[in-house]
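Visitor: Below is the structure I would like to discuss, written out as structure tokens.
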Amino acid sequence: MTPLLAHVCTPQSMGDWRHLLAVIWDFLSLSLFSLGGGNTLLSEYHHLSVDQYCWLSSRQFADIYALAEAAPGPSSMIVGLLGMGAAVQEGPLWGVLSGVSAELAILLPSTLLMVAASLSWKRLRDAPIRVAFERGLGPITLGILFAVGLKILRISDHDTPAYAVSAVVCVLMLRTKISPLWFMAVAAVLGGLGLVNR
Amino acid sequence: MDPQLDPRPPLHTPNHWELFVGMQQVALSSFGGGLSAWSERIVVEQRRWMGEQDFLTGLTVARLLPGPNQINMAVYVGSRFYGLSGALVALGGMLLLPFSLLMLLGLGYYYLHETLWVDRLLAGVITASAGMALSMGFKIAHSYTRDPVALGIAAVSFLAMDVFHVRLIPLVLVAGPLAMAWYWPRRTPQP
């Protein structure tokens with residue numbers, strides 16, 4: 001086995017306050033970079049939780065992304081599930097506390113900025129910086145969303161039937177108004193029958 | 001619309017409690033999806049907290065600024081009445097129920113995901129969610145197809161992230177200002 005494959009990721013304890021502060025800082029700073037409604041952050045979430053802090057396996061990340069998409073409410077709440085994954089082995093209470101903290105950290109900075117912008121929107125609306133921000137960041141968001149989509153595709157699908165299902169769902173998402181919950185339900189049946197595998 | 005012709009009841013300023021309950025109603029109604037349509041129905045039509053125009057402005061601001069759009073919309077509604085405290089109350093109302101439910105689902109997941117049948121079902125579900133993730137880029141791509149510079153910026157951002165594994169924050173910090181400089185509105189020359 002090559003050393004690369006043998007690399008074992010060991011999670012650090014959240015009991016170490018310096019580690020905890022580092023994690024909170026990571027989420028706080030990502031908050032202001034959540035363009036395009038927050039989906040641009042998904043690659044970063046994967047990087048933090050799988051590669052950097054080893055809270056989850058790539059496989060678990062794919063699972064909780066699906067869970068957050070299927071659950072009612074904004075799918076950006078996936079951060080709560082990541083936080084939970086960081087501490088759930090200490091018990092359910094720590095899992096929930098950690099999940100709530102992660103969600104608060106990711107929402108706080110963008111919320112403060114949103115309050116400021118809502119209150120000063122009359123002046124901001126026609127400011128050149130508003131126009132430049134909207135038109136300049138749009139294409140960057142577009143490129144990032146494609147990268148994020150491919151990333152999630154790669155960590156989720158590993159055989160041809162799986163890729164085929166994803167491709168069909170992608171086309172149906174763009175061409176129809178069918179609720180995505182139906183796609184997930186049908187795909188769950190395919191998984192249950194063993195027609196698609198990891 | 002001329003306010004005198006508007007047959008709907010006059011606008012009503014909610015107090016903090018009403019904000020909280022109203023946002024919970026929005027969250028609950030949208031459990032099957034369509035959150036922005038529901039928030040318009042409840043905020044503009046049923047509870048009459050703001051007019052159509054104000055609401056649409058909110059949608060614009062919520063989409064423009066960083067943060068999840070629906071959550072930003074709640075923050076906009078709350079902050080218009082009571083600034084930061086209104087924003088926090090609206091946010092709490094919007095998130096309390098769905099987030100609690102998600103935490104329960106999460107606990108269920110972390111304790112059961114090694115069970116064979118749960119793993120099997122999830123192996124299927126993630127193929128669908130991967131398809132949904134893939135559609136995100138295509139969904140907004142049509143707005144940029146006529147602007148070669150925008151497509152170039154998008155391609156560079158994509159390659160930076162996908163091929164060269166540049167992290168999001170440095171990418172946006174470098175590409176953002178450059179793109180903004182390119183699109184900075186120029187004063188039209190006076191004849």
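Labeling convention for the structure tokens: chains A, B, ... as they appear, residues from 1 per chain, ligands from 1 in order of appearance.
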Taking the chain letters and numbering used in this document, name the residues of range 64-137 of chain A that DSSP puts in alpha helix (DSSP H), as a VMD selection string.
Guide: chain A and resid 64 to 70 78 to 87 92 to 119 121 to 124 128 to 137
Visitor: Write out as a PyMOL selection string every residue belonging to chain B that has an atom at most 6 Å from any atom of chain A, counting only C-alpha atoms.
Guide: chain B and resi 31+66-69+76+79+98+120-121+123-135+137+150+153-155+157-158+162+179-180+183-185
Visitor: Taking only C-alpha atoms into account, which of B:Gln70, B:Thr145, B:Ser85, B:Ser100 comes nearest Gly33 in chain B?
Guide: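 Closest candidate: B:Gln70.
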Visitor: Report the distance between CA of Val26 in chain B and CA of Phe138 in chain B in Å, rounded to one decimal place.
Guide: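 Distance between the two atoms: 28.3 Å.
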Visitor: Would you mind telling me which residue in A:Ile178, A:Leu124, A:Leu28, A:Val50 lies nearest to Ala102 in chain A when using only C-alpha atoms?
Guide: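 That would be A:Leu28, the residue with the smallest distance to Ala102 in chain A.
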Visitor: Give me the residues within 9 Å of His12 in chain B as a ChimeraX atom specification, counting only C-alpha atoms and dropping any in the same chain fewer than 6 places off.
Guide: /B:47-50
Visitor: To one decimal place, how far is CA of Ala160 in chain B from CA of Ala175 in chain B in Å?
Guide: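 Spanning CA of Ala160 in chain B to CA of Ala175 in chain B is a straight-line distance of 10.2 Å.
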Visitor: Env of Ala62 in chain B: 7 Å cut, atoms = only C-alpha atoms, seq-sep filter 4 positions within chain, self excluded. Answer as a VMD selection string.
Guide: chain B and resid 58 69 72 to 73
